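File shown: coords-v4.cif. Contents: mmCIF, C-alpha atoms and all ligand atoms.
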data_start
loop_
_atom_site.label_atom_id
_atom_site.label_comp_id
_atom_site.auth_asym_id
_atom_site.auth_seq_id
_atom_site.Cartn_x
_atom_site.Cartn_y
_atom_site.Cartn_z
CA MET A 1464 0.00 0.00 0.00
CA ASN A 1465 1.09 3.56 -0.69
CA ILE A 1466 3.47 4.90 1.95
CA ALA A 1467 1.21 7.93 2.50
CA PHE A 1468 -1.38 5.62 4.03
CA GLN A 1469 1.02 4.42 6.74
CA GLN A 1470 0.00 6.86 9.45
CA GLY A 1471 -3.61 6.56 8.40
CA ILE A 1472 -3.32 2.83 9.12
CA GLU A 1473 -2.22 3.66 12.66
CA ILE A 1474 -5.33 5.83 13.09
CA ILE A 1475 -7.54 3.03 11.78
CA GLU A 1476 -5.86 0.55 14.15
CA ARG A 1477 -6.45 2.81 17.17
CA LEU A 1478 -10.12 3.15 16.23
CA GLU A 1479 -10.43 -0.63 15.79
CA GLU A 1480 -8.71 -1.30 19.12
CA ASN A 1481 -11.45 0.82 20.68
CA GLY A 1482 -14.15 -1.31 19.11
CA HIS A 1483 -14.97 0.79 16.05
CA GLU A 1484 -14.85 0.17 12.32
CA ALA A 1485 -12.71 2.45 10.17
CA TYR A 1486 -11.76 2.66 6.48
CA PHE A 1487 -10.03 4.85 3.98
CA VAL A 1488 -12.64 6.51 1.74
CA GLY A 1489 -13.04 9.10 -1.01
CA GLY A 1490 -10.43 10.56 -3.33
CA SER A 1491 -7.38 8.79 -1.88
CA VAL A 1492 -8.86 5.34 -2.55
CA ARG A 1493 -9.99 6.38 -6.04
CA ASP A 1494 -6.57 7.82 -6.89
CA THR A 1495 -4.75 4.73 -5.53
CA LEU A 1496 -6.83 2.46 -7.75
CA MET A 1497 -5.91 4.68 -10.68
CA ASP A 1498 -2.21 4.86 -9.79
CA ARG A 1499 -2.46 8.62 -9.45
CA ALA A 1500 -0.76 10.76 -6.85
CA ILE A 1501 -3.04 11.00 -3.84
CA GLY A 1502 -4.18 14.18 -2.11
CA ASP A 1503 -5.86 14.33 1.27
CA ILE A 1504 -6.51 11.06 3.05
CA ASP A 1505 -10.01 10.73 4.51
CA ILE A 1506 -11.11 8.08 6.97
CA ALA A 1507 -14.70 7.06 7.70
CA THR A 1508 -15.52 5.38 11.01
CA SER A 1509 -18.37 4.09 13.12
CA ALA A 1510 -17.00 6.12 16.08
CA THR A 1511 -18.88 9.31 16.95
CA PRO A 1512 -17.03 12.65 16.95
CA GLU A 1513 -16.87 12.54 20.77
CA GLU A 1514 -15.42 9.03 20.67
CA ILE A 1515 -12.83 10.11 18.08
CA GLN A 1516 -11.82 13.05 20.27
CA ALA A 1517 -11.53 10.80 23.32
CA ILE A 1518 -9.22 8.34 21.53
CA PHE A 1519 -6.71 10.75 19.97
CA PRO A 1520 -4.68 13.27 22.01
CA LYS A 1521 -4.47 15.90 19.29
CA THR A 1522 -7.64 16.71 17.35
CA VAL A 1523 -9.30 19.74 15.80
CA ASP A 1524 -13.05 20.04 15.70
CA VAL A 1525 -13.76 21.29 12.19
CA GLY A 1526 -17.40 20.31 12.09
CA ALA A 1527 -18.41 17.78 14.74
CA GLU A 1528 -22.06 18.44 13.86
CA HIS A 1529 -21.26 16.97 10.42
CA GLY A 1530 -19.22 14.23 12.03
CA THR A 1531 -15.79 15.51 11.00
CA ILE A 1532 -12.80 15.69 13.29
CA ILE A 1533 -9.22 16.30 12.19
CA VAL A 1534 -6.76 13.95 13.86
CA ILE A 1535 -3.18 15.18 14.03
CA THR A 1536 -0.56 12.46 14.20
CA THR A 1537 2.77 12.57 16.05
CA GLU A 1538 4.41 13.53 12.73
CA GLN A 1539 2.10 16.55 12.57
CA GLU A 1540 0.19 15.11 9.62
CA SER A 1541 -3.55 15.72 9.69
CA TYR A 1542 -6.28 13.32 8.65
CA GLU A 1543 -10.01 14.00 8.33
CA VAL A 1544 -11.89 11.37 10.30
CA THR A 1545 -15.65 11.39 9.71
CA THR A 1546 -18.36 9.38 11.38
CA PHE A 1547 -20.41 7.15 9.05
CA ARG A 1548 -23.31 9.37 8.15
CA THR A 1549 -26.20 9.86 5.87
CA ASP A 1550 -27.75 13.18 5.05
CA GLY A 1551 -31.24 14.38 5.88
CA ASN A 1552 -33.26 16.44 3.41
CA TYR A 1553 -31.44 18.94 1.26
CA THR A 1554 -33.42 22.13 1.35
CA ASP A 1555 -31.19 24.36 -0.76
CA ASN A 1556 -29.59 21.94 -3.24
CA ARG A 1557 -26.39 22.19 -1.31
CA HIS A 1558 -26.66 21.59 2.44
CA PRO A 1559 -28.58 18.82 4.20
CA ASP A 1560 -30.95 20.07 6.90
CA GLU A 1561 -29.55 17.46 9.24
CA VAL A 1562 -26.80 14.89 9.38
CA ILE A 1563 -27.75 11.47 10.64
CA PHE A 1564 -24.99 9.28 11.98
CA VAL A 1565 -25.35 5.69 10.86
CA LYS A 1566 -23.68 2.46 11.88
CA SER A 1567 -22.91 0.90 8.50
CA LEU A 1568 -20.20 1.73 6.02
CA GLU A 1569 -22.49 0.91 3.13
CA GLU A 1570 -25.03 3.53 4.17
CA ASP A 1571 -22.23 6.06 4.34
CA LEU A 1572 -20.96 5.14 0.86
CA LYS A 1573 -24.48 5.38 -0.50
CA ARG A 1574 -24.69 9.13 0.18
CA ARG A 1575 -21.60 9.90 -1.87
CA ASP A 1576 -21.57 11.50 -5.30
CA PHE A 1577 -19.97 9.13 -7.80
CA THR A 1578 -19.27 5.41 -7.78
CA MET A 1579 -15.51 6.04 -8.10
CA ASN A 1580 -15.73 8.16 -4.93
CA ALA A 1581 -17.81 5.60 -3.03
CA ILE A 1582 -15.14 2.95 -2.57
CA ALA A 1583 -13.68 2.12 0.84
CA MET A 1584 -10.40 0.40 1.64
CA ASN A 1585 -9.49 -1.33 4.88
CA LYS A 1586 -6.09 -1.21 6.55
CA HIS A 1587 -4.88 -4.27 4.60
CA GLY A 1588 -5.74 -2.66 1.26
CA LYS A 1589 -8.91 -4.72 0.79
CA ILE A 1590 -11.47 -2.89 -1.34
CA ILE A 1591 -15.15 -2.56 -0.33
CA ASP A 1592 -17.01 -1.44 -3.41
CA PRO A 1593 -20.79 -1.94 -3.26
CA PHE A 1594 -21.54 0.31 -6.25
CA ASP A 1595 -18.99 -1.09 -8.71
CA GLY A 1596 -16.80 1.99 -8.63
CA GLU A 1597 -13.71 0.05 -9.64
CA LYS A 1598 -15.45 -1.25 -12.71
CA ASP A 1599 -16.40 2.33 -13.64
CA ILE A 1600 -12.81 3.43 -13.08
CA ASN A 1601 -11.64 0.72 -15.47
CA ARG A 1602 -14.30 1.76 -17.99
CA GLN A 1603 -13.26 5.37 -17.41
CA VAL A 1604 -16.79 6.43 -16.65
CA ILE A 1605 -18.21 8.85 -14.09
CA ARG A 1606 -21.52 7.60 -12.77
CA THR A 1607 -23.60 8.80 -9.84
CA VAL A 1608 -24.33 6.49 -6.93
CA GLY A 1609 -28.02 5.77 -7.46
CA LYS A 1610 -30.22 8.18 -9.37
CA ALA A 1611 -28.41 11.14 -10.92
CA LYS A 1612 -31.38 13.39 -10.31
CA ASP A 1613 -31.36 12.67 -6.56
CA ARG A 1614 -27.61 13.15 -6.20
CA PHE A 1615 -27.61 16.48 -8.05
CA ARG A 1616 -30.68 17.82 -6.31
CA GLU A 1617 -29.08 17.00 -2.98
CA ASP A 1618 -25.97 18.89 -3.88
CA ALA A 1619 -25.80 20.87 -7.10
CA LEU A 1620 -22.03 21.36 -6.82
CA ARG A 1621 -21.70 17.71 -7.81
CA MET A 1622 -22.69 18.59 -11.39
CA LEU A 1623 -19.65 20.79 -11.75
CA ARG A 1624 -17.54 18.21 -9.89
CA ALA A 1625 -18.53 15.62 -12.51
CA VAL A 1626 -17.29 17.82 -15.34
CA ARG A 1627 -14.16 18.76 -13.41
CA PHE A 1628 -13.34 15.08 -12.78
CA ALA A 1629 -13.94 14.38 -16.48
CA SER A 1630 -11.35 17.05 -17.28
CA GLN A 1631 -8.83 15.83 -14.69
CA LEU A 1632 -9.18 12.12 -15.42
CA SER A 1633 -10.20 12.20 -19.10
CA PHE A 1634 -13.23 10.11 -18.14
CA SER A 1635 -16.60 10.33 -19.87
CA LEU A 1636 -19.95 10.86 -18.18
CA GLU A 1637 -22.32 7.93 -18.11
CA ALA A 1638 -25.52 8.77 -20.05
CA GLU A 1639 -27.88 9.17 -17.08
CA THR A 1640 -25.31 11.27 -15.25
CA PHE A 1641 -24.85 13.53 -18.28
CA LEU A 1642 -28.59 13.89 -18.87
CA GLY A 1643 -29.16 14.52 -15.16
CA ILE A 1644 -26.78 17.48 -15.29
CA GLN A 1645 -28.31 18.80 -18.48
CA ALA A 1646 -31.78 18.63 -16.95
CA ASP A 1647 -30.89 20.34 -13.69
CA ASN A 1648 -28.02 22.60 -14.74
CA ALA A 1649 -29.82 25.72 -13.45
CA LEU A 1650 -29.51 24.39 -9.88
CA LEU A 1651 -25.87 25.46 -10.09
CA GLU A 1652 -27.18 28.94 -9.30
CA ASN A 1653 -27.61 27.76 -5.71
CA VAL A 1654 -23.93 26.99 -5.26
CA SER A 1655 -21.59 29.55 -3.73
CA ILE A 1656 -19.25 31.27 -6.13
CA GLU A 1657 -16.19 30.28 -4.08
CA ARG A 1658 -16.89 26.59 -4.70
CA LYS A 1659 -17.49 27.18 -8.40
CA THR A 1660 -14.19 29.01 -8.67
CA ILE A 1661 -12.28 26.11 -7.08
CA GLU A 1662 -13.89 23.62 -9.46
CA MET A 1663 -13.34 25.83 -12.51
CA GLU A 1664 -9.63 26.14 -11.75
CA LYS A 1665 -9.30 22.37 -11.37
CA LEU A 1666 -11.20 21.87 -14.62
CA ILE A 1667 -8.92 24.25 -16.51
CA LEU A 1668 -5.78 22.53 -15.22
CA GLY A 1669 -7.05 19.04 -16.08
CA GLN A 1670 -5.16 16.95 -18.63
CA GLY A 1671 -8.41 16.44 -20.50
CA VAL A 1672 -9.40 20.11 -20.47
CA LYS A 1673 -10.58 20.06 -24.09
CA PHE A 1674 -13.12 17.40 -23.28
CA GLY A 1675 -13.92 19.08 -19.94
CA LEU A 1676 -14.79 22.35 -21.65
CA GLU A 1677 -16.84 20.52 -24.27
CA LEU A 1678 -18.82 18.89 -21.48
CA LEU A 1679 -19.21 22.18 -19.64
CA VAL A 1680 -20.85 23.61 -22.74
CA ALA A 1681 -22.79 20.47 -23.70
CA THR A 1682 -24.35 20.20 -20.24
CA GLY A 1683 -25.15 23.91 -20.32
CA LEU A 1684 -23.44 24.40 -16.96
CA HIS A 1685 -21.37 27.28 -18.38
CA SER A 1686 -24.50 29.43 -18.51
CA PHE A 1687 -24.66 29.35 -14.73
CA LEU A 1688 -21.08 30.39 -14.16
CA PRO A 1689 -20.18 34.09 -13.79
CA LEU A 1690 -20.20 35.91 -17.12
CA LEU A 1691 -19.78 32.71 -19.15
CA ASP A 1692 -23.28 32.64 -20.57
CA GLY A 1693 -22.90 33.42 -24.26
CA LYS A 1694 -19.22 32.48 -24.29
CA LYS A 1695 -19.74 29.03 -25.78
CA GLU A 1696 -17.52 29.49 -28.83
CA GLN A 1697 -14.67 31.03 -26.88
CA LEU A 1698 -14.80 28.29 -24.22
CA LEU A 1699 -14.61 25.58 -26.87
CA LYS A 1700 -11.72 27.34 -28.56
CA LEU A 1701 -9.82 27.49 -25.28
CA GLY A 1702 -9.90 23.69 -25.33
CA ASP A 1703 -7.24 23.78 -28.06
CA VAL A 1704 -4.82 25.61 -25.78
CA PRO A 1705 -2.52 23.46 -23.58
CA LEU A 1706 -3.96 25.00 -20.43
CA TYR A 1707 -2.67 22.19 -18.20
CA ARG A 1708 0.79 23.71 -18.65
CA LEU A 1709 -0.20 26.67 -16.49
CA ASN A 1710 0.93 26.40 -12.93
CA ASN A 1711 -0.70 29.10 -10.92
CA ARG A 1712 -3.97 30.90 -10.29
CA SER A 1713 -3.11 34.23 -11.92
CA PRO A 1714 -1.92 32.71 -15.23
CA VAL A 1715 -5.08 30.58 -15.30
CA TRP A 1716 -7.29 33.64 -14.98
CA THR A 1717 -5.14 35.64 -17.39
CA VAL A 1718 -5.65 32.96 -20.02
CA LEU A 1719 -9.37 32.86 -19.30
CA ALA A 1720 -9.78 36.63 -19.49
CA TYR A 1721 -7.79 36.72 -22.72
CA GLY A 1722 -9.22 33.59 -24.33
CA LEU A 1723 -12.81 34.48 -23.49
CA LYS A 1724 -12.22 37.86 -25.10
CA ILE A 1725 -13.37 39.79 -22.09
CA ASP A 1726 -13.44 43.45 -22.95
CA LYS A 1727 -10.48 45.31 -21.44
CA ALA A 1728 -12.77 47.58 -19.47
CA GLU A 1729 -14.63 44.59 -18.05
CA VAL A 1730 -11.74 42.38 -17.00
CA GLU A 1731 -11.87 43.55 -13.40
CA ASP A 1732 -15.63 42.97 -13.17
CA PHE A 1733 -15.14 39.52 -14.67
CA LEU A 1734 -12.52 38.58 -12.09
CA VAL A 1735 -14.42 40.11 -9.21
CA SER A 1736 -17.54 38.21 -10.21
CA TRP A 1737 -15.54 35.01 -9.60
CA LYS A 1738 -14.60 36.48 -6.21
CA LEU A 1739 -10.90 36.23 -6.83
CA PRO A 1740 -8.58 37.83 -4.27
CA LYS A 1741 -7.39 41.38 -5.02
CA LYS A 1742 -3.84 40.14 -5.49
CA ILE A 1743 -4.87 37.89 -8.37
CA VAL A 1744 -7.03 40.58 -9.96
CA LYS A 1745 -4.00 42.87 -9.91
CA SER A 1746 -1.61 40.26 -11.32
CA VAL A 1747 -4.01 39.39 -14.16
CA ALA A 1748 -4.40 43.07 -15.08
CA GLU A 1749 -0.61 43.44 -15.13
CA ASN A 1750 -0.18 40.30 -17.21
CA LEU A 1751 -2.72 41.47 -19.77
CA LEU A 1752 -1.07 44.85 -20.04
CA LEU A 1753 2.34 43.31 -20.49
CA MET A 1754 1.05 40.89 -23.09
CA ASP A 1755 -0.36 43.81 -24.99
CA LYS A 1756 2.94 45.64 -24.83
CA ILE A 1757 4.96 42.61 -25.86
CA GLN A 1758 2.66 41.99 -28.80
CA HIS A 1759 2.45 45.51 -30.09
CA GLN A 1760 5.68 47.23 -29.22
CA ASP A 1761 9.31 46.41 -29.04
CA TRP A 1762 10.14 47.58 -25.58
CA GLN A 1763 11.19 44.36 -23.95
CA SER A 1764 13.87 45.85 -21.70
CA GLU A 1765 11.36 48.35 -20.46
CA PHE A 1766 8.70 45.79 -19.63
CA VAL A 1767 11.15 43.57 -17.78
CA TYR A 1768 12.31 46.65 -15.87
CA ARG A 1769 8.83 47.89 -15.06
CA ALA A 1770 7.20 44.56 -14.33
CA GLY A 1771 10.05 42.78 -12.62
CA LEU A 1772 11.34 39.33 -13.42
CA GLU A 1773 8.59 37.24 -11.89
CA ARG A 1774 5.72 39.07 -13.58
CA SER A 1775 7.54 39.13 -16.93
CA LEU A 1776 8.10 35.38 -16.79
CA GLU A 1777 4.45 34.82 -15.92
CA ALA A 1778 3.15 37.00 -18.75
CA HIS A 1779 5.56 35.23 -21.06
CA GLN A 1780 4.37 31.80 -19.92
CA VAL A 1781 0.76 32.81 -20.60
CA MET A 1782 1.73 33.99 -24.08
CA VAL A 1783 3.55 30.78 -24.90
CA VAL A 1784 0.58 28.70 -23.72
CA LEU A 1785 -1.75 30.84 -25.82
CA GLY A 1786 0.59 30.45 -28.81
CA LEU A 1787 1.11 34.22 -29.00
CA ASP A 1788 4.86 34.30 -28.57
CA GLU A 1789 7.07 31.53 -29.79
CA ASP A 1790 10.16 33.67 -30.29
CA THR A 1791 10.91 35.10 -26.89
CA SER A 1792 12.50 32.39 -24.85
CA LYS A 1793 12.50 32.29 -21.08
CA LYS A 1794 16.29 32.55 -21.34
CA LYS A 1795 15.91 35.82 -23.21
CA ILE A 1796 13.78 37.28 -20.43
CA TYR A 1797 16.38 36.24 -17.84
CA GLU A 1798 19.09 37.78 -20.01
CA LEU A 1799 17.14 41.02 -20.44
CA PHE A 1800 16.68 41.20 -16.70
CA GLU A 1801 20.28 40.41 -15.86
CA ASN A 1802 21.54 42.98 -18.32
CA LEU A 1803 19.37 45.82 -17.08
CA PRO A 1804 21.69 48.73 -16.25
CA ILE A 1805 19.50 49.71 -13.30
CA TYR A 1806 16.69 48.04 -11.33
CA SER A 1807 15.16 51.19 -9.86
CA LEU A 1808 15.66 54.96 -9.77
CA LYS A 1809 17.83 54.47 -6.69
CA ASP A 1810 20.47 52.75 -8.78
CA ILE A 1811 21.13 55.84 -10.90
CA VAL A 1812 24.43 57.41 -9.88
CA PHE A 1813 23.03 60.87 -10.51
CA ASP A 1814 20.17 62.07 -8.31
CA GLY A 1815 17.88 65.04 -7.70
CA HIS A 1816 20.47 66.80 -5.54
CA ASP A 1817 23.03 66.57 -8.31
CA LEU A 1818 20.52 68.06 -10.73
CA MET A 1819 19.70 70.93 -8.39
CA GLU A 1820 23.37 71.59 -7.91
CA LEU A 1821 23.75 71.74 -11.68
CA ALA A 1822 20.89 74.21 -11.81
CA GLY A 1823 22.24 76.42 -9.05
CA GLY A 1824 19.76 75.14 -6.47
CA LYS A 1825 16.60 75.58 -8.50
CA ARG A 1826 13.78 73.26 -7.52
CA GLY A 1827 10.84 72.34 -9.69
CA LYS A 1828 8.82 69.78 -11.57
CA TRP A 1829 11.60 69.53 -14.13
CA ILE A 1830 13.61 67.40 -11.70
CA SER A 1831 11.19 64.48 -11.66
CA GLU A 1832 10.61 64.92 -15.39
CA ILE A 1833 14.28 64.66 -16.19
CA LEU A 1834 14.84 61.74 -13.81
CA SER A 1835 12.08 59.74 -15.41
CA ASP A 1836 13.53 60.39 -18.90
CA MET A 1837 16.97 59.53 -17.58
CA GLU A 1838 15.62 56.24 -16.27
CA MET A 1839 14.37 55.26 -19.73
CA ALA A 1840 17.53 56.54 -21.45
CA LEU A 1841 19.47 54.13 -19.26
CA ILE A 1842 17.12 51.22 -19.94
CA TYR A 1843 17.42 51.86 -23.68
CA GLU A 1844 21.19 52.21 -23.33
CA GLU A 1845 21.19 55.73 -24.75
CA THR A 1846 23.61 56.65 -22.04
CA LYS A 1847 25.73 54.95 -19.38
CA ASN A 1848 25.14 54.89 -15.65
CA GLU A 1849 28.28 56.95 -15.02
CA ARG A 1850 28.38 60.48 -13.64
CA ALA A 1851 30.23 62.14 -16.54
CA ALA A 1852 28.02 60.51 -19.14
CA LEU A 1853 24.87 61.42 -17.25
CA LYS A 1854 26.00 65.02 -16.83
CA GLU A 1855 26.41 65.32 -20.57
CA TRP A 1856 23.05 63.65 -21.11
CA VAL A 1857 21.45 66.25 -18.80
CA TYR A 1858 22.96 69.15 -20.76
CA ASN A 1859 21.65 67.67 -23.97
CA TRP A 1860 18.22 67.21 -22.43
CA LEU A 1861 18.07 70.83 -21.34
CA GLN A 1862 19.13 71.94 -24.77
CA LYS A 1863 16.72 69.64 -26.54
CA TYR A 1864 13.76 70.86 -24.55
CA ASP A 1865 15.04 74.38 -24.66
CA ARG A 1866 14.92 74.63 -20.93
CA ASP A 1867 16.68 76.90 -18.67
CA TYR A 1868 15.63 74.36 -16.13
N1 LIG A 1901 -20.20 17.38 -3.14
C1 LIG A 1901 -19.61 16.30 -2.68
C2 LIG A 1901 -18.29 16.38 -2.23
C3 LIG A 1901 -17.68 15.23 -1.76
N2 LIG A 1901 -18.37 14.05 -1.70
C4 LIG A 1901 -17.73 12.84 -1.14
O1 LIG A 1901 -16.68 13.20 -0.25
C5 LIG A 1901 -15.42 12.70 -0.70
C6 LIG A 1901 -14.30 13.69 -0.41
O2 LIG A 1901 -14.57 14.90 -1.08
P1 LIG A 1901 -13.45 15.92 -1.54
O3 LIG A 1901 -12.30 15.84 -0.60
O4 LIG A 1901 -14.11 17.21 -1.78
O5 LIG A 1901 -13.04 15.42 -2.98
P2 LIG A 1901 -12.23 14.18 -3.47
O6 LIG A 1901 -13.18 13.19 -4.05
O7 LIG A 1901 -11.33 13.69 -2.39
O8 LIG A 1901 -11.41 14.71 -4.71
P3 LIG A 1901 -10.37 15.89 -4.80
O9 LIG A 1901 -9.50 15.81 -3.59
O10 LIG A 1901 -9.68 15.64 -6.07
O11 LIG A 1901 -11.20 17.13 -4.86
C7 LIG A 1901 -15.64 12.42 -2.17
O12 LIG A 1901 -14.74 11.46 -2.66
C8 LIG A 1901 -17.07 11.94 -2.19
O13 LIG A 1901 -17.14 10.61 -1.72
C9 LIG A 1901 -19.69 14.00 -2.14
O14 LIG A 1901 -20.28 12.94 -2.12
N3 LIG A 1901 -20.29 15.11 -2.63
#

As a first step, turn the structure in this file into structure tokens.
Ligand SMILES: Nc1ccn([C@@H]2O[C@H](COP(=O)(O)OP(=O)(O)OP(=O)(O)O)[C@@H](O)[C@H]2O)c(=O)n1
Amino acid sequence: MNIAFQQGIEIIERLEENGHEAYFVGGSVRDTLMDRAIGDIDIATSATPEEIQAIFPKTVDVGAEHGTIIVITTEQESYEVTTFRTDGNYTDNRHPDEVIFVKSLEEDLKRRDFTMNAIAMNKHGKIIDPFDGEKDINRQVIRTVGKAKDRFREDALRMLRAVRFASQLSFSLEAETFLGIQADNALLENVSIERKTIEMEKLILGQGVKFGLELLVATGLHSFLPLLDGKKEQLLKLGDVPLYRLNNRSPVWTVLAYGLKIDKAEVEDFLVSWKLPKKIVKSVAENLLLMDKIQHQDWQSEFVYRAGLERSLEAHQVMVVLGLDEDTSKKKIYELFENLPIYSLKDIVFDGHDLMELAGGKRGKWISEILSDMEMALIYEETKNERAALKEWVYNWLQKYDRDY
């Protein structure tokens, strides 16, 4: 069994020693069966939250009313341990009105979204799979546990999860599951934007993003995502871009804003409607501006200087992924950055005091004007960052602009 499960096994053993049942469940079991890297390890148990807390010395109550307790191991790893449960009635297509703890694993598995996510594994690696999830994994099919309609009405987020999994795993949707989403796609309105954003990012980064975006459109789910209604063609076109090569949130949203042809003036509204943090909104705006500059003007030294190395590399990565810039290599951006004569105004060996001295102590707006021109003259290598050369450059400037200062 995967080494990551080792400490989880110890948790399961402790629970069993205390007379409870316990199993690995959810994504970690699914990913193990698919030989994929596993994420969080979840454990389901017959022990109640109070019993879990009494057994383990270090726990965090993250939602005892839903049956979930985080157990922290001696190695400071944390595991979500959840009491076998079934859900009461879902009143808002998202949250059950009550959680009912149950005694059997099967009942717990029955409330889960897809067959591939409803497989349990005991501490010896034995699989408990009442809904044939493993068979669906082998067939590469996403299928709801029980009736699609029921599962999606219970929790509408699951519709977007289905499409996101299809993108990540390159799996198809079983017919009833697909039709169930198509029929109830409008229920996605009831899901919080934060959850939609998380799913959308995972979808975009999936290896099968082309298929994922096709499904998003075919199910009609895109119409219930912020500002994507009416963007069918653009979404499908984005499927041809190797989006999985992106590695961060701001490049993902830069590509989306660009690829969906969001009007420049509306980019901020678009990003805010997805409730992205201010930092990302700012980075995307900077990336788009840089991309524009790189495409339309030859001022590469200036953009590397103004934007800094990290931002320039990110904008460049986005352009490469979008197929907009095949010529500028990453190496070239590093080179441009390394060869910059200055990195900020502070690096100029001639400052405002020197200028005033030159002008017999006269202050004025001309000082900042000349410094900003001097900055660019250095970036464009029109002069050298040496006092004598800069002094001469200043005289020329004054002459050129016919200034007395
Ligand atoms: N809307 C949801 C969310 C989750 N689950 C169940 O809870 C498990 C854990 O959910 P989560 O950690 O959100 O997702 P994973 O399936 O683990 O996948 P990933 O980590 O890739 O998001 C899922 O496998 C599934 O059994 C569910 O039935 N319905």

Checklist entry - Skipping near chain neighbours, those fewer than 2 positions away, what residues fall within 7 Å of Ala1510 (chain A) using only C-alpha atoms, listed as a list in words? => result His1483, Thr1508, Pro1512, Glu1514, Ile1515 and Thr1546 of chain A

Checklist entry - Residues at most 7 Å from ligand LIG 1901 (chain A), using all atoms listed in the file? Could they come as a ChimeraX atom specification? => result /A:1488-1491,1502-1503,1574-1577,1580-1581,1618,1620-1621

Checklist outcome for this item: Thr1717 (chain A) proximity check over A:Lys1665, A:His1587, A:His1779, A:Lys1694, using all atoms listed in the file: winner is A:His1779

Checklist entry - Quick one, how far is CA of Ala1500 (chain A) from CA of Pro1714 (chain A)? => result 23.5 Å

Need the shell around Val1744 (chain A): protein/DNA/RNA residues with any atom at most 9 Å away, counting all atoms listed in the file. Skip same-chain ones fewer than 4 positions apart. Format as a PDB file with C-alpha atoms, in the coordinates of the input?
ATOM      1  CA  SER A1713      -3.110  34.230 -11.920  1.00  0.00           C
ATOM      2  CA  TRP A1716      -7.290  33.640 -14.980  1.00  0.00           C
ATOM      3  CA  VAL A1730     -11.740  42.380 -17.000  1.00  0.00           C
ATOM      4  CA  GLU A1731     -11.870  43.550 -13.400  1.00  0.00           C
ATOM      5  CA  LEU A1734     -12.520  38.580 -12.090  1.00  0.00           C
ATOM      6  CA  VAL A1735     -14.420  40.110  -9.210  1.00  0.00           C
ATOM      7  CA  LEU A1739     -10.900  36.230  -6.830  1.00  0.00           C
ATOM      8  CA  PRO A1740      -8.580  37.830  -4.270  1.00  0.00           C
ATOM      9  CA  ALA A1748      -4.400  43.070 -15.080  1.00  0.00           C
ATOM     10  CA  GLU A1749      -0.610  43.440 -15.130  1.00  0.00           C
TER      11      GLU A1749
END

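Nearest to Ala1517 (chain A) of all the residues A:Leu1478, A:Ile1811, A:Ile1501, A:Leu1650 is A:Leu1478, counting only C-alpha atoms.
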
Item to check | Point (-20.2, 7.1, 3.0) neighbourhood (12 Å, all atoms listed in the file) written as a ChimeraX atom specification | outcome: /A:1485-1489,1505-1509,1530,1544-1550,1563-1578,1580-1584,1591-1594,1608

Next on the checklist: Using all atoms listed in the file, which protein or nucleic acid residues come within 7 Å of region 1678-1688 of chain A? Drop anything in the same chain fewer than 6 positions from it, and give the result as number ranges by chain.
Outcome noted: A: 1626, 1641, 1644-1645, 1648-1649, 1651-1652, 1695

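Here CA of Gly1702 (chain A) is placed at a distance of 27.7 Å from CA of Leu1496 (chain A).
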
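Nearest residue to Leu1853 (chain A) among A:Ile1605, A:Leu1723, A:Met1837, A:Ile1472 is A:Met1837, counting all atoms listed in the file.
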
Using all atoms of region 1479-1498 of chain A listed in the file and a margin of 8 Å per side, can you give the axis-aligned box centre and edge lengths in Å to one decimal, as AutoDock Vina command-line options?
--center_x -8.6 --center_y 4.6 --center_z 5.0 --size_x 28.8 --size_y 27.9 --size_z 47.4

Item to check | Neighbour list for Lys1521 (chain A) as a PyMOL selection string, cut-off 10 Å, only C-alpha atoms, skip fewer than 5 positions in-chain | outcome: chain A and resi 1516+1533-1537+1539+1541

Item to check | Residues within 12 Å of (10.1, 43.2, -26.6), counting all atoms listed in the file, listed as a PyMOL selection string | outcome: chain A and resi 1753-1768+1775+1779+1788+1790-1792+1795-1796+1799+1843

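If only C-alpha atoms are the atoms counted, then among A:Glu1637, A:Asp1555, A:Glu1845, A:Asp1814 the closest residue to Asp1599 (chain A) is A:Glu1637.
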
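CA of Ala1778 (chain A) is found 25.6 Å from CA of Asp1836 (chain A).
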
Item to check | Residue with smallest distance to Ser1630 (chain A) - pool A:Asp1726, A:Glu1677, A:Glu1479, A:Asp1524, counting all atoms listed in the file | outcome: A:Glu1677

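Checking A:Ile1656, A:Leu1632, A:Lys1700, A:Ala1467 one by one against Gly1669 (chain A), counting all atoms listed in the file, you find the shortest gap at A:Leu1632.
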
Checklist entry - Which neighbours of Gln1670 (chain A) fall inside 12 Å, counting only C-alpha atoms, when residues of the same chain fewer than 5 positions from it are skipped, and could you give them as a PyMOL selection string? => result chain A and resi 1627-1634+1665+1675-1676+1702-1709

Hey, can you spit out that residue selection with C-alpha atoms as a short mmCIF file (atom, residue, chain, number, x, y, z; two decimals), in the frame of the given file?
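Once written, result.cif looks like this:
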data_model
loop_
_atom_site.label_atom_id
_atom_site.label_comp_id
_atom_site.auth_asym_id
_atom_site.auth_seq_id
_atom_site.Cartn_x
_atom_site.Cartn_y
_atom_site.Cartn_z
CA ARG A 1627 -14.16 18.76 -13.41
CA PHE A 1628 -13.34 15.08 -12.78
CA ALA A 1629 -13.94 14.38 -16.48
CA SER A 1630 -11.35 17.05 -17.28
CA GLN A 1631 -8.83 15.83 -14.69
CA LEU A 1632 -9.18 12.12 -15.42
CA SER A 1633 -10.20 12.20 -19.10
CA PHE A 1634 -13.23 10.11 -18.14
CA LYS A 1665 -9.30 22.37 -11.37
CA GLY A 1675 -13.92 19.08 -19.94
CA LEU A 1676 -14.79 22.35 -21.65
CA GLY A 1702 -9.90 23.69 -25.33
CA ASP A 1703 -7.24 23.78 -28.06
CA VAL A 1704 -4.82 25.61 -25.78
CA PRO A 1705 -2.52 23.46 -23.58
CA LEU A 1706 -3.96 25.00 -20.43
CA TYR A 1707 -2.67 22.19 -18.20
CA ARG A 1708 0.79 23.71 -18.65
CA LEU A 1709 -0.20 26.67 -16.49
#
